[in-house]
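Below is one structure, written out as structure tokens, with a few remarks after it.
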Amino acid sequence: ARELVQAERTEARIAAERAAATAAATDVASTATAGGIPTNFLALYQAAATTCPGLPWPVLAAVGQVESGHGSNMGPSSAGAMGPMQFLPSTFAGYAVDGDRDGVADIWNPADAIYSAARYLCANGGGNGPQGLYNALWRYNHADWYVLMVVRVAGQIAQRFGQPVPVATR
């Protein structure tokens with residue numbers, strides 16, 4: 001009985017710590033702001049989004065900002081994600097696009113990574129309205145705070161460029 005009580009206390013402590021971490025991440029996500037987009041990345045986000053009908057290009061730009069600051073921190077991350085769109089190599093291999101048409105799909109190449117991100121988001125419903133966009137972003141990073149952050153930043157980018165503000169709902 002004592003071991004059961006100890007296990008229940010440990011489980012409650014872990015749940016409380018998890019809830020606190022989620023709340024902290026959500027707080028950070030709700031205050032995220034869009035930064036400037038390098039012109040070469042802007043052109044790639046806009047062009048790559050056209051390969052997925054319904055995918056707003058500001059969403060690709062927001063993913064690029066959140067993941068690597070538009071290529072300023074390309075990793076690898078502690079999870080092993082790499083490149084300007086922070087793909088795991090195994091995920092990149094499954095969705096790789098030769099965005100610059102040089103004959104090689106390279107995880108570190110901005111054109112290849114951005115077009116691959118558009119393909120990945122599209123394959124996971126990113127062009128299929130608010131629920132599809134939510135699901136696609138959640139698949140990109142399995143966290144509600146991540147979806148909130150990307151959508152917040154995408155909305156700011158969209159407003160800056162006179163585009164419709166993307167909406168993502170569960």
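Quick note on naming: the chains in the structure tokens go A, B, ... in the order shown, residues restart at 1 in each chain, and ligands are numbered from 1 in order of appearance.
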Determine, counting only C-alpha atoms, which protein, DNA and RNA residues have an atom within 9 Å of an atom of Gly71 of chain A; residues of the same chain fewer than 4 positions away are not included. Present the result as a PyMOL selection string.
chain A and resi 41+64-65+67+83-85+108+110
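Those residues that approach Ala49 of chain A to within 8 Å, counting only C-alpha atoms, are Leu55, Pro56, Trp57, Leu60, Tyr115 and Ala118 of chain A; same-chain residues fewer than 5 positions away are not listed.
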Resulting file, chosen residues, N, CA, C and O atoms, as a compact mmCIF listing (two decimals), in the first residue's frame:
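Output saved as result_31.txt:
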# COMPACT_ATOMS: atom_id res chain seq x y z
N LEU A 55 -2.55 26.46 -48.72
CA LEU A 55 -1.55 26.69 -47.67
C LEU A 55 -1.09 28.14 -47.75
O LEU A 55 -0.50 28.55 -48.75
N PRO A 56 -1.33 28.94 -46.71
CA PRO A 56 -0.90 30.34 -46.74
C PRO A 56 0.63 30.45 -46.62
O PRO A 56 1.22 29.84 -45.73
N TRP A 57 1.23 31.23 -47.50
CA TRP A 57 2.69 31.36 -47.43
C TRP A 57 3.16 31.94 -46.10
O TRP A 57 4.25 31.57 -45.64
N LEU A 60 4.31 29.13 -43.85
CA LEU A 60 5.67 28.64 -44.11
C LEU A 60 6.71 29.59 -43.53
O LEU A 60 7.69 29.16 -42.93
N TYR A 115 10.62 24.06 -49.69
CA TYR A 115 9.70 23.30 -50.55
C TYR A 115 9.32 21.97 -49.88
O TYR A 115 8.18 21.51 -50.00
N ALA A 118 6.70 22.68 -47.28
CA ALA A 118 5.39 22.87 -47.92
C ALA A 118 4.79 21.51 -48.27
O ALA A 118 3.59 21.27 -48.04
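Nearest to Asp144 of chain A of all the residues A:Cys52, A:Leu121, A:Ala168, A:Ala62 is A:Ala168, based on only C-alpha atoms.
Distances here use only C-alpha atoms; by that measure, the residue among A:Ala61, A:Ala32, A:Met82, A:Val97 closest to Tyr146 of chain A is A:Ala32.
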Identify all residues of segment 74-116 of chain A in helix (DSSP H, G or I) (DSSP on the backbone) and supply them as a list in words.
Pro89, Ser90, Thr91, Phe92, Ala93, Gly94, Tyr95, Pro110, Ala111, Asp112, Ala113, Ile114, Tyr115 and Ser116 of chain A
With all heavy atoms retained, could you export that selection as a JSON list (two decimals), in the first residue's frame?
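Saved to result30.json:
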[["chain", "number", "residue", "atom", "x", "y", "z"],
["A", 89, "PRO", "N", 16.28, 14.08, -40.12],
["A", 89, "PRO", "CA", 16.72, 13.52, -41.40],
["A", 89, "PRO", "C", 15.75, 12.47, -41.96],
["A", 89, "PRO", "O", 15.52, 12.44, -43.17],
["A", 89, "PRO", "CB", 18.09, 12.91, -41.07],
["A", 89, "PRO", "CG", 18.60, 13.80, -39.97],
["A", 89, "PRO", "CD", 17.37, 14.10, -39.13],
["A", 90, "SER", "N", 15.18, 11.65, -41.10],
["A", 90, "SER", "CA", 14.24, 10.62, -41.59],
["A", 90, "SER", "C", 12.98, 11.24, -42.16],
["A", 90, "SER", "O", 12.45, 10.77, -43.18],
["A", 90, "SER", "CB", 13.88, 9.66, -40.46],
["A", 90, "SER", "OG", 13.30, 10.36, -39.37],
["A", 91, "THR", "N", 12.49, 12.31, -41.57],
["A", 91, "THR", "CA", 11.30, 13.00, -42.10],
["A", 91, "THR", "C", 11.64, 13.68, -43.41],
["A", 91, "THR", "O", 10.88, 13.61, -44.38],
["A", 91, "THR", "CB", 10.75, 14.01, -41.08],
["A", 91, "THR", "OG1", 10.49, 13.34, -39.85],
["A", 91, "THR", "CG2", 9.48, 14.67, -41.58],
["A", 92, "PHE", "N", 12.78, 14.35, -43.44],
["A", 92, "PHE", "CA", 13.19, 15.02, -44.67],
["A", 92, "PHE", "C", 13.29, 14.01, -45.81],
["A", 92, "PHE", "O", 12.82, 14.27, -46.93],
["A", 92, "PHE", "CB", 14.53, 15.74, -44.48],
["A", 92, "PHE", "CG", 14.94, 16.54, -45.69],
["A", 92, "PHE", "CD1", 14.40, 17.80, -45.92],
["A", 92, "PHE", "CD2", 15.84, 16.03, -46.60],
["A", 92, "PHE", "CE1", 14.76, 18.54, -47.04],
["A", 92, "PHE", "CE2", 16.22, 16.76, -47.73],
["A", 92, "PHE", "CZ", 15.66, 18.02, -47.94],
["A", 93, "ALA", "N", 13.86, 12.85, -45.54],
["A", 93, "ALA", "CA", 14.01, 11.83, -46.59],
["A", 93, "ALA", "C", 12.67, 11.44, -47.18],
["A", 93, "ALA", "O", 12.56, 11.18, -48.38],
["A", 93, "ALA", "CB", 14.73, 10.61, -46.02],
["A", 94, "GLY", "N", 11.63, 11.42, -46.36],
["A", 94, "GLY", "CA", 10.31, 11.02, -46.83],
["A", 94, "GLY", "C", 9.57, 12.10, -47.61],
["A", 94, "GLY", "O", 8.64, 11.79, -48.36],
["A", 95, "TYR", "N", 9.96, 13.36, -47.44],
["A", 95, "TYR", "CA", 9.24, 14.48, -48.06],
["A", 95, "TYR", "C", 10.16, 15.39, -48.88],
["A", 95, "TYR", "O", 9.73, 16.45, -49.31],
["A", 95, "TYR", "CB", 8.52, 15.30, -46.99],
["A", 95, "TYR", "CG", 7.43, 14.52, -46.32],
["A", 95, "TYR", "CD1", 7.69, 13.75, -45.19],
["A", 95, "TYR", "CD2", 6.14, 14.50, -46.85],
["A", 95, "TYR", "CE1", 6.68, 13.01, -44.59],
["A", 95, "TYR", "CE2", 5.13, 13.76, -46.26],
["A", 95, "TYR", "CZ", 5.42, 13.01, -45.12],
["A", 95, "TYR", "OH", 4.43, 12.26, -44.55],
["A", 110, "PRO", "N", 18.16, 26.12, -48.20],
["A", 110, "PRO", "CA", 16.88, 26.78, -47.93],
["A", 110, "PRO", "C", 15.78, 26.45, -48.94],
["A", 110, "PRO", "O", 14.65, 26.17, -48.53],
["A", 110, "PRO", "CB", 17.23, 28.27, -47.95],
["A", 110, "PRO", "CG", 18.66, 28.32, -47.56],
["A", 110, "PRO", "CD", 19.28, 27.09, -48.18],
["A", 111, "ALA", "N", 16.10, 26.44, -50.22],
["A", 111, "ALA", "CA", 15.06, 26.14, -51.22],
["A", 111, "ALA", "C", 14.53, 24.73, -51.03],
["A", 111, "ALA", "O", 13.31, 24.50, -51.00],
["A", 111, "ALA", "CB", 15.61, 26.32, -52.63],
["A", 112, "ASP", "N", 15.43, 23.78, -50.87],
["A", 112, "ASP", "CA", 15.00, 22.39, -50.70],
["A", 112, "ASP", "C", 14.20, 22.21, -49.41],
["A", 112, "ASP", "O", 13.16, 21.55, -49.40],
["A", 112, "ASP", "CB", 16.22, 21.46, -50.69],
["A", 112, "ASP", "CG", 17.01, 21.49, -52.00],
["A", 112, "ASP", "OD1", 16.53, 22.07, -52.99],
["A", 112, "ASP", "OD2", 18.12, 20.93, -52.02],
["A", 113, "ALA", "N", 14.68, 22.81, -48.34],
["A", 113, "ALA", "CA", 14.00, 22.66, -47.04],
["A", 113, "ALA", "C", 12.62, 23.31, -47.04],
["A", 113, "ALA", "O", 11.65, 22.75, -46.51],
["A", 113, "ALA", "CB", 14.87, 23.24, -45.93],
["A", 114, "ILE", "N", 12.51, 24.49, -47.62],
["A", 114, "ILE", "CA", 11.23, 25.20, -47.62],
["A", 114, "ILE", "C", 10.21, 24.49, -48.51],
["A", 114, "ILE", "O", 9.05, 24.31, -48.11],
["A", 114, "ILE", "CB", 11.43, 26.68, -48.01],
["A", 114, "ILE", "CG1", 12.20, 27.41, -46.89],
["A", 114, "ILE", "CG2", 10.08, 27.36, -48.28],
["A", 114, "ILE", "CD1", 12.71, 28.79, -47.25],
["A", 115, "TYR", "N", 10.62, 24.06, -49.69],
["A", 115, "TYR", "CA", 9.70, 23.30, -50.55],
["A", 115, "TYR", "C", 9.32, 21.97, -49.88],
["A", 115, "TYR", "O", 8.18, 21.51, -50.00],
["A", 115, "TYR", "CB", 10.30, 23.07, -51.93],
["A", 115, "TYR", "CG", 10.07, 24.21, -52.89],
["A", 115, "TYR", "CD1", 10.91, 25.31, -52.91],
["A", 115, "TYR", "CD2", 8.99, 24.18, -53.77],
["A", 115, "TYR", "CE1", 10.70, 26.36, -53.79],
["A", 115, "TYR", "CE2", 8.76, 25.23, -54.65],
["A", 115, "TYR", "CZ", 9.62, 26.31, -54.66],
["A", 115, "TYR", "OH", 9.40, 27.36, -55.52],
["A", 116, "SER", "N", 10.26, 21.36, -49.18],
["A", 116, "SER", "CA", 9.96, 20.11, -48.47],
["A", 116, "SER", "C", 8.99, 20.36, -47.33],
["A", 116, "SER", "O", 8.09, 19.54, -47.08],
["A", 116, "SER", "CB", 11.25, 19.48, -47.95],
["A", 116, "SER", "OG", 12.10, 19.14, -49.03]]
Atom CA of Val167 of chain A and atom CA of Asp98 of chain A are how many Å apart?
28.9 Å
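Each of A:Ala81, A:Pro38, A:Gly54, A:Ala143 was compared to Gly125 of chain A using only C-alpha atoms, and A:Gly54 turns out to be the nearest.
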Pick out the closest residue to Val151 of chain A from this set: A:Leu88, A:Leu4, A:Val59, A:Ala79. Count only C-alpha atoms.
A:Val59
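Take atom CA of Tyr134 of chain A and atom CA of Ile157 of chain A: the distance between them is 17.5 Å.
Among the candidates A:Thr33, A:Thr39, A:Ser78, A:Asn109, the one nearest to Ala154 of chain A when counting only C-alpha atoms is A:Thr33.
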